[in-house]
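Pasting data-v6.pdb here (PDB, C-alpha atoms):
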ATOM      1  CA  MET V  18      83.796 142.443  55.274
ATOM      2  CA  GLN V  19      86.141 144.319  57.657
ATOM      3  CA  ARG V  20      88.692 141.480  57.502
ATOM      4  CA  LEU V  21      88.580 141.552  53.708
ATOM      5  CA  LEU V  22      89.036 145.320  53.697
ATOM      6  CA  LYS V  23      92.002 144.895  56.057
ATOM      7  CA  LEU V  24      93.488 142.369  53.599
ATOM      8  CA  SER V  25      92.807 144.832  50.780
ATOM      9  CA  ARG V  26      94.668 147.586  52.636
ATOM     10  CA  ALA V  27      97.649 145.252  53.165
ATOM     11  CA  ILE V  28      97.754 144.462  49.440
ATOM     12  CA  ASP V  29      97.440 148.171  48.678
ATOM     13  CA  ARG V  30     100.405 148.914  50.965
ATOM     14  CA  LEU V  31     102.493 146.306  49.118
ATOM     15  CA  SER V  32     101.580 147.776  45.731
ATOM     16  CA  SER V  33     102.309 151.298  46.968
ATOM     17  CA  TRP V  34     105.689 150.164  48.310
ATOM     18  CA  ILE V  35     106.485 148.606  44.914
ATOM     19  CA  GLY V  36     105.532 151.868  43.212
ATOM     20  CA  ARG V  37     107.895 153.834  45.454
ATOM     21  CA  ALA V  38     110.694 151.315  44.866
ATOM     22  CA  LEU V  39     110.170 151.616  41.131
ATOM     23  CA  SER V  40     110.924 155.324  41.327
ATOM     24  CA  TRP V  41     114.505 154.283  42.125
ATOM     25  CA  VAL V  42     114.482 151.929  39.159
ATOM     26  CA  ALA V  43     113.344 154.881  37.015
ATOM     27  CA  LEU V  44     116.289 156.888  38.301
ATOM     28  CA  ALA V  45     118.640 154.004  37.416
ATOM     29  CA  LEU V  46     117.026 153.778  33.965
ATOM     30  CA  VAL V  47     117.716 157.441  33.302
ATOM     31  CA  ALA V  48     121.286 157.128  34.601
ATOM     32  CA  LEU V  49     121.920 154.104  32.384
ATOM     33  CA  GLY V  50     120.519 155.991  29.402
ATOM     34  CA  VAL V  51     122.838 158.935  30.038
ATOM     35  CA  ILE V  52     125.828 156.645  30.509
ATOM     36  CA  ASN V  53     125.015 154.815  27.273
ATOM     37  CA  VAL V  54     124.612 158.001  25.243
ATOM     38  CA  VAL V  55     127.702 159.680  26.659
ATOM     39  CA  GLY V  56     129.705 156.488  26.259
ATOM     40  CA  ARG V  57     128.624 156.020  22.672
ATOM     41  CA  TYR V  58     129.350 159.604  21.562
ATOM     42  CA  LEU V  59     132.446 160.165  23.666
ATOM     43  CA  GLY V  60     133.771 156.787  22.577
ATOM     44  CA  ALA V  61     133.235 157.695  18.930
ATOM     45  CA  GLN V  62     135.202 160.919  19.452
ATOM     46  CA  LEU V  63     138.025 159.129  21.252
ATOM     47  CA  GLY V  64     138.043 156.137  18.935
ATOM     48  CA  MET V  65     137.246 153.813  21.851
ATOM     49  CA  GLN V  66     134.360 151.551  22.773
ATOM     50  CA  LEU V  67     132.913 153.092  25.962
ATOM     51  CA  SER V  68     129.482 151.512  25.756
ATOM     52  CA  SER V  69     128.628 147.837  26.100
ATOM     53  CA  ASN V  70     125.835 145.384  25.448
ATOM     54  CA  ALA V  71     125.585 144.821  29.192
ATOM     55  CA  LEU V  72     124.802 148.511  29.772
ATOM     56  CA  LEU V  73     122.248 148.543  26.961
ATOM     57  CA  GLU V  74     120.609 145.377  28.274
ATOM     58  CA  ALA V  75     120.616 146.742  31.837
ATOM     59  CA  GLN V  76     118.700 149.728  30.524
ATOM     60  CA  THR V  77     116.191 147.441  28.819
ATOM     61  CA  GLN V  78     115.821 145.270  31.907
ATOM     62  CA  ALA V  79     115.243 148.342  34.112
ATOM     63  CA  PHE V  80     112.425 149.339  31.752
ATOM     64  CA  ASP V  81     111.078 145.775  31.883
ATOM     65  CA  LEU V  82     110.978 145.942  35.678
ATOM     66  CA  MET V  83     109.131 149.242  35.623
ATOM     67  CA  PHE V  84     106.618 148.059  33.047
ATOM     68  CA  LEU V  85     105.906 144.674  34.614
ATOM     69  CA  LEU V  86     105.989 145.538  38.302
ATOM     70  CA  GLY V  87     104.384 148.933  37.771
ATOM     71  CA  ALA V  88     101.122 147.339  36.636
ATOM     72  CA  CYS V  89      99.993 146.532  40.184
ATOM     73  CA  TYR V  90     100.849 150.064  41.329
ATOM     74  CA  LEU V  91      98.985 151.538  38.365
ATOM     75  CA  LEU V  92      95.889 149.487  39.197
ATOM     76  CA  ARG V  93      96.243 150.491  42.861
ATOM     77  CA  ARG V  94      96.250 154.169  41.843
ATOM     78  CA  ASP V  95      93.282 153.625  39.491
ATOM     79  CA  GLY V  96      95.436 154.740  36.571
ATOM     80  CA  HIS V  97      94.387 152.130  34.034
ATOM     81  CA  ILE V  98      92.586 153.073  30.855
ATOM     82  CA  ARG V  99      88.825 152.942  30.747
ATOM     83  CA  ILE V 100      86.069 154.817  28.995
ATOM     84  CA  ASP V 101      85.632 157.575  31.568
ATOM     85  CA  ILE V 102      83.034 159.352  29.443
ATOM     86  CA  ILE V 103      80.546 156.670  30.431
ATOM     87  CA  HIS V 104      82.065 155.368  33.676
ATOM     88  CA  GLY V 105      82.507 158.826  35.213
ATOM     89  CA  ARG V 106      78.820 159.712  34.801
ATOM     90  CA  LEU V 107      77.607 156.676  36.713
ATOM     91  CA  SER V 108      76.939 156.408  40.427
ATOM     92  CA  PRO V 109      79.718 154.926  42.607
ATOM     93  CA  ARG V 110      77.623 151.767  42.991
ATOM     94  CA  ALA V 111      77.193 151.353  39.201
ATOM     95  CA  GLN V 112      80.916 152.038  38.697
ATOM     96  CA  ALA V 113      81.669 149.380  41.300
ATOM     97  CA  TRP V 114      79.506 146.843  39.458
ATOM     98  CA  ILE V 115      81.300 147.540  36.174
ATOM     99  CA  ASP V 116      84.670 147.157  37.896
ATOM    100  CA  ILE V 117      83.558 143.905  39.570
ATOM    101  CA  VAL V 118      82.479 142.397  36.245
ATOM    102  CA  GLY V 119      85.677 143.561  34.522
ATOM    103  CA  THR V 120      87.851 142.177  37.301
ATOM    104  CA  VAL V 121      86.115 138.805  37.453
ATOM    105  CA  VAL V 122      85.660 138.331  33.697
ATOM    106  CA  VAL V 123      88.888 139.850  32.364
ATOM    107  CA  LEU V 124      91.574 140.699  34.918
ATOM    108  CA  ILE V 125      91.597 137.605  37.127
ATOM    109  CA  PRO V 126      91.424 135.072  34.242
ATOM    110  CA  PHE V 127      94.060 137.045  32.270
ATOM    111  CA  CYS V 128      96.501 137.153  35.180
ATOM    112  CA  THR V 129      95.920 133.501  36.009
ATOM    113  CA  LEU V 130      96.502 132.470  32.388
ATOM    114  CA  LEU V 131      99.689 134.537  32.084
ATOM    115  CA  ILE V 132     101.090 133.133  35.326
ATOM    116  CA  TRP V 133     100.372 129.601  34.157
ATOM    117  CA  LEU V 134     101.808 130.168  30.657
ATOM    118  CA  SER V 135     104.939 131.925  31.921
ATOM    119  CA  LEU V 136     105.967 129.286  34.463
ATOM    120  CA  GLY V 137     107.304 126.879  31.820
ATOM    121  CA  TYR V 138     109.048 129.743  30.030
ATOM    122  CA  VAL V 139     110.732 130.861  33.249
ATOM    123  CA  GLY V 140     111.534 127.292  34.312
ATOM    124  CA  ASP V 141     113.222 126.666  30.975
ATOM    125  CA  ALA V 142     115.288 129.850  31.332
ATOM    126  CA  TRP V 143     116.396 128.826  34.840
ATOM    127  CA  SER V 144     117.231 125.248  33.787
ATOM    128  CA  ARG V 145     119.646 126.616  31.181
ATOM    129  CA  LEU V 146     120.692 129.679  33.208
ATOM    130  CA  GLU V 147     119.834 131.556  30.036
ATOM    131  CA  VAL V 148     122.112 134.417  29.062
ATOM    132  CA  SER V 149     121.659 136.983  26.321
ATOM    133  CA  PRO V 150     123.047 135.870  22.955
ATOM    134  CA  ASN V 151     124.739 139.269  22.585
ATOM    135  CA  PRO V 152     128.467 139.427  23.396
ATOM    136  CA  GLY V 153     128.860 140.604  26.969
ATOM    137  CA  GLY V 154     125.099 140.371  27.515
ATOM    138  CA  LEU V 155     123.354 139.876  30.838
ATOM    139  CA  PRO V 156     121.667 136.779  32.258
ATOM    140  CA  LEU V 157     118.027 136.600  31.180
ATOM    141  CA  TYR V 158     116.602 134.132  33.690
ATOM    142  CA  PRO V 159     116.288 136.682  36.532
ATOM    143  CA  ILE V 160     114.295 139.175  34.458
ATOM    144  CA  LYS V 161     112.119 136.394  33.041
ATOM    145  CA  THR V 162     111.281 135.428  36.628
ATOM    146  CA  VAL V 163     109.649 138.819  37.024
ATOM    147  CA  ILE V 164     106.923 137.873  34.508
ATOM    148  CA  PRO V 165     104.906 135.475  36.710
ATOM    149  CA  LEU V 166     105.780 137.553  39.781
ATOM    150  CA  ALA V 167     104.372 140.697  38.137
ATOM    151  CA  PHE V 168     101.160 138.986  37.072
ATOM    152  CA  GLY V 169     100.857 137.503  40.568
ATOM    153  CA  LEU V 170     101.140 140.985  42.062
ATOM    154  CA  LEU V 171      98.645 142.330  39.522
ATOM    155  CA  LEU V 172      96.281 139.483  40.453
ATOM    156  CA  LEU V 173      96.652 140.354  44.145
ATOM    157  CA  GLN V 174      95.916 144.008  43.454
ATOM    158  CA  GLY V 175      92.942 142.939  41.336
ATOM    159  CA  ILE V 176      91.623 140.992  44.317
ATOM    160  CA  SER V 177      92.118 144.071  46.497
ATOM    161  CA  GLU V 178      90.166 146.186  44.028
ATOM    162  CA  LEU V 179      87.450 143.529  43.877
ATOM    163  CA  ILE V 180      87.126 143.592  47.675
ATOM    164  CA  LYS V 181      86.813 147.390  47.665
ATOM    165  CA  ARG V 182      84.178 147.360  44.917
ATOM    166  CA  CYS V 183      82.196 144.640  46.706
ATOM    167  CA  ALA V 184      82.294 146.813  49.857
ATOM    168  CA  ILE V 185      80.757 149.645  47.861
ATOM    169  CA  VAL V 186      78.033 147.423  46.422
ATOM    170  CA  ALA V 187      77.312 145.932  49.866
ATOM    171  CA  GLY V 188      77.013 149.392  51.383
ATOM    172  CA  HIS V 189      80.125 149.128  53.600
ATOM    173  CA  ALA V 190      81.689 152.038  51.730
ATOM    174  CA  THR V 191      80.162 154.926  49.826
ATOM    175  CA  ASP V 192      82.854 155.280  47.172
ATOM    176  CA  HIS V 193      86.354 154.151  46.204
ATOM    177  CA  ALA V 194      88.057 156.594  48.598
ATOM    178  CA  SER V 195      86.117 155.370  51.617
ATOM    179  CA  ALA V 196      86.758 151.729  50.629
ATOM    180  CA  THR V 197      90.503 152.381  50.561
ATOM    181  CA  GLY V 198      90.540 154.057  53.930
ATOM    182  CA  GLY V 199      90.731 157.583  52.548
ATOM    183  CA  ASP V 200      93.463 157.148  49.926
TER     184      ASP V 200
END
Here is a file; write its structure as structure tokens.
Amino acid sequence: MQRLLKLSRAIDRLSSWIGRALSWVALALVALGVINVVGRYLGAQLGMQLSSNALLEAQTQAFDLMFLLGACYLLRRDGHIRIDIIHGRLSPRAQAWIDIVGTVVVLIPFCTLLIWLSLGYVGDAWSRLEVSPNPGGLPLYPIKTVIPLAFGLLLLQGISELIKRCAIVAGHATDHASATGGD
């Protein structure tokens, strides 16, 4: 079990690193939003086009990155939605069992299915080097590549969470904090 918990901690470190990196993407998203708004309004006043489809699409793609890649970080931080009214009143062991069942029955099959379904979609985009149909738009194949990557990272984090919950059930940890090494 100690080797599995060590693997879990490594996956957790990766997800935490991604979360920190996404804070820079959030900063870029805000900057792009400001540039787009200022460019649109200042351009209207000056009678010039100061905004572009590329800037608007960059803003959208920054949001896409945050949404897709942030899922593994959110799961790592236990920030997903659940019915805490019931879950919070249960013992750590009962909570762990619920999380194990949810991970095995829902999360792992969902991530696996989405990875499998997205590979053809991404492969098609790469084969055509797909670009936005908007004038001056950005390439789409790089952002589409993030789809299977994001679900792969979410699957990895799901496995990490499964390991931690199994440690609780097996008595190797008393609660989620002790299974994560104090985090």
**OP:** Go through V:Pro152, V:Ala113, V:Ile98, V:Ala88 and flag the residue nearest Ile164 in chain V, using all atoms listed in the file for the distances.
**Re:** V:Ala88
**OP:** Kindly resolve the PyMOL selection byres ((chain V and resi 24) around 12) on the present coordinates and return the residues as a VMD selection string.
**Re:** chain V and resid 18 to 23 25 to 31 173 to 174 176 to 181 196 to 197
**OP:** Please indicate the distance in Å from CA of Arg37 in chain V to CA of Arg182 in chain V, rounded to one decimal place.
**Re:**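 CA of Arg37 in chain V sits 24.6 Å away from CA of Arg182 in chain V.
Distances here use all atoms listed in the file; by that measure, the residue among V:Leu46, V:Val54, V:Ala142, V:Cys183 closest to Val121 in chain V is V:Cys183.
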Where is the centre and how long are the edges: axis-aligned box on range 42-47 of chain V, 4 Å on each side, Å to one decimal, as lines of an AutoDock Vina configuration file:
center_x = 116.0
center_y = 154.7
center_z = 36.2
size_x = 13.3
size_y = 13.5
size_z = 13.9
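A distance cut-off of 10 Å around (117.9, 142.2, 31.1), counting only C-alpha atoms, selects these protein and nucleic acid residues: Ala71, Leu72, Leu73, Glu74, Ala75, Gln76, Thr77, Gln78, Ala79, Phe80, Asp81, Leu82, Val148, Ser149, Gly154, Leu155, Pro156, Leu157, Tyr158, Pro159, Ile160 and Lys161 of chain V.
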Subject >> Nearest residue to Gln112 in chain V from the set V:Leu67, V:Ala45, V:Leu146, V:Val186 (distances using only C-alpha atoms) >> reply: V:Val186
Original post:
Given the file above and the PyMOL selection byres ((chain V and resi 35) around 12), which residues are selected, and can you give them as a PyMOL selection string?
Top reply: chain V and resi 28-34+36-42+82-91+93+167+170-171+174
Subject >> Phe127 in chain V environment, 12 Å, only C-alpha atoms, sequence neighbours closer than 5 positions dropped, as a ChimeraX atom specification >> reply: /V:119-122,132-134,165,168-169,171-172,175
Subject >> Atom pair CA of Val55 in chain V / CA of Asn70 in chain V: separation (Å) >> reply: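 So the answer is 14.5 Å.
What separates CA of Ala187 in chain V from CA of Trp114 in chain V is a distance of 10.7 Å.
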Could you model N, CA and C atoms for range 168-194 of chain V and present them as a PDB file, in the coordinates of the input?
ATOM      1  N   PHE V 168     102.575 139.322  37.254  1.00  0.00           N
ATOM      2  CA  PHE V 168     101.160 138.986  37.072  1.00  0.00           C
ATOM      3  C   PHE V 168     100.540 138.489  38.371  1.00  0.00           C
ATOM      4  N   GLY V 169     101.349 137.877  39.239  1.00  0.00           N
ATOM      5  CA  GLY V 169     100.857 137.503  40.568  1.00  0.00           C
ATOM      6  C   GLY V 169     100.525 138.735  41.400  1.00  0.00           C
ATOM      7  N   LEU V 170     101.397 139.745  41.343  1.00  0.00           N
ATOM      8  CA  LEU V 170     101.140 140.985  42.062  1.00  0.00           C
ATOM      9  C   LEU V 170      99.934 141.728  41.487  1.00  0.00           C
ATOM     10  N   LEU V 171      99.807 141.711  40.160  1.00  0.00           N
ATOM     11  CA  LEU V 171      98.645 142.330  39.522  1.00  0.00           C
ATOM     12  C   LEU V 171      97.366 141.597  39.931  1.00  0.00           C
ATOM     13  N   LEU V 172      97.432 140.272  40.005  1.00  0.00           N
ATOM     14  CA  LEU V 172      96.281 139.483  40.453  1.00  0.00           C
ATOM     15  C   LEU V 172      95.915 139.847  41.893  1.00  0.00           C
ATOM     16  N   LEU V 173      96.912 139.953  42.764  1.00  0.00           N
ATOM     17  CA  LEU V 173      96.652 140.354  44.145  1.00  0.00           C
ATOM     18  C   LEU V 173      95.983 141.725  44.214  1.00  0.00           C
ATOM     19  N   GLN V 174      96.508 142.673  43.442  1.00  0.00           N
ATOM     20  CA  GLN V 174      95.916 144.008  43.454  1.00  0.00           C
ATOM     21  C   GLN V 174      94.505 143.975  42.874  1.00  0.00           C
ATOM     22  N   GLY V 175      94.285 143.108  41.875  1.00  0.00           N
ATOM     23  CA  GLY V 175      92.942 142.939  41.336  1.00  0.00           C
ATOM     24  C   GLY V 175      91.979 142.421  42.391  1.00  0.00           C
ATOM     25  N   ILE V 176      92.451 141.511  43.218  1.00  0.00           N
ATOM     26  CA  ILE V 176      91.623 140.992  44.317  1.00  0.00           C
ATOM     27  C   ILE V 176      91.324 142.106  45.317  1.00  0.00           C
ATOM     28  N   SER V 177      92.332 142.928  45.602  1.00  0.00           N
ATOM     29  CA  SER V 177      92.118 144.071  46.497  1.00  0.00           C
ATOM     30  C   SER V 177      91.055 145.012  45.936  1.00  0.00           C
ATOM     31  N   GLU V 178      91.152 145.303  44.652  1.00  0.00           N
ATOM     32  CA  GLU V 178      90.166 146.186  44.028  1.00  0.00           C
ATOM     33  C   GLU V 178      88.782 145.551  44.040  1.00  0.00           C
ATOM     34  N   LEU V 179      88.722 144.252  43.838  1.00  0.00           N
ATOM     35  CA  LEU V 179      87.450 143.529  43.877  1.00  0.00           C
ATOM     36  C   LEU V 179      86.817 143.634  45.266  1.00  0.00           C
ATOM     37  N   ILE V 180      87.630 143.472  46.298  1.00  0.00           N
ATOM     38  CA  ILE V 180      87.126 143.592  47.675  1.00  0.00           C
ATOM     39  C   ILE V 180      86.549 144.989  47.900  1.00  0.00           C
ATOM     40  N   LYS V 181      87.277 146.008  47.454  1.00  0.00           N
ATOM     41  CA  LYS V 181      86.813 147.390  47.665  1.00  0.00           C
ATOM     42  C   LYS V 181      85.511 147.653  46.916  1.00  0.00           C
ATOM     43  N   ARG V 182      85.401 147.143  45.689  1.00  0.00           N
ATOM     44  CA  ARG V 182      84.178 147.360  44.917  1.00  0.00           C
ATOM     45  C   ARG V 182      83.007 146.591  45.527  1.00  0.00           C
ATOM     46  N   CYS V 183      83.261 145.400  46.032  1.00  0.00           N
ATOM     47  CA  CYS V 183      82.196 144.640  46.706  1.00  0.00           C
ATOM     48  C   CYS V 183      81.738 145.367  47.967  1.00  0.00           C
ATOM     49  N   ALA V 184      82.663 146.033  48.668  1.00  0.00           N
ATOM     50  CA  ALA V 184      82.294 146.813  49.857  1.00  0.00           C
ATOM     51  C   ALA V 184      81.371 147.961  49.471  1.00  0.00           C
ATOM     52  N   ILE V 185      81.625 148.561  48.332  1.00  0.00           N
ATOM     53  CA  ILE V 185      80.757 149.645  47.861  1.00  0.00           C
ATOM     54  C   ILE V 185      79.365 149.108  47.544  1.00  0.00           C
ATOM     55  N   VAL V 186      79.322 148.012  46.803  1.00  0.00           N
ATOM     56  CA  VAL V 186      78.033 147.423  46.422  1.00  0.00           C
ATOM     57  C   VAL V 186      77.247 146.968  47.654  1.00  0.00           C
ATOM     58  N   ALA V 187      77.973 146.429  48.654  1.00  0.00           N
ATOM     59  CA  ALA V 187      77.312 145.932  49.866  1.00  0.00           C
ATOM     60  C   ALA V 187      76.939 147.053  50.836  1.00  0.00           C
ATOM     61  N   GLY V 188      77.361 148.270  50.516  1.00  0.00           N
ATOM     62  CA  GLY V 188      77.013 149.392  51.383  1.00  0.00           C
ATOM     63  C   GLY V 188      77.975 149.617  52.534  1.00  0.00           C
ATOM     64  N   HIS V 189      79.122 148.936  52.542  1.00  0.00           N
ATOM     65  CA  HIS V 189      80.125 149.128  53.600  1.00  0.00           C
ATOM     66  C   HIS V 189      81.034 150.317  53.314  1.00  0.00           C
ATOM     67  N   ALA V 190      80.927 150.854  52.121  1.00  0.00           N
ATOM     68  CA  ALA V 190      81.689 152.038  51.730  1.00  0.00           C
ATOM     69  C   ALA V 190      80.834 152.812  50.735  1.00  0.00           C
ATOM     70  N   THR V 191      80.990 154.119  50.720  1.00  0.00           N
ATOM     71  CA  THR V 191      80.162 154.926  49.826  1.00  0.00           C
ATOM     72  C   THR V 191      80.799 155.150  48.470  1.00  0.00           C
ATOM     73  N   ASP V 192      82.141 155.112  48.433  1.00  0.00           N
ATOM     74  CA  ASP V 192      82.854 155.280  47.172  1.00  0.00           C
ATOM     75  C   ASP V 192      84.243 154.661  47.300  1.00  0.00           C
ATOM     76  N   HIS V 193      85.029 154.769  46.237  1.00  0.00           N
ATOM     77  CA  HIS V 193      86.354 154.151  46.204  1.00  0.00           C
ATOM     78  C   HIS V 193      87.254 154.703  47.311  1.00  0.00           C
ATOM     79  N   ALA V 194      87.201 155.992  47.571  1.00  0.00           N
ATOM     80  CA  ALA V 194      88.057 156.594  48.598  1.00  0.00           C
ATOM     81  C   ALA V 194      87.738 156.047  49.985  1.00  0.00           C
TER      82      ALA V 194
END
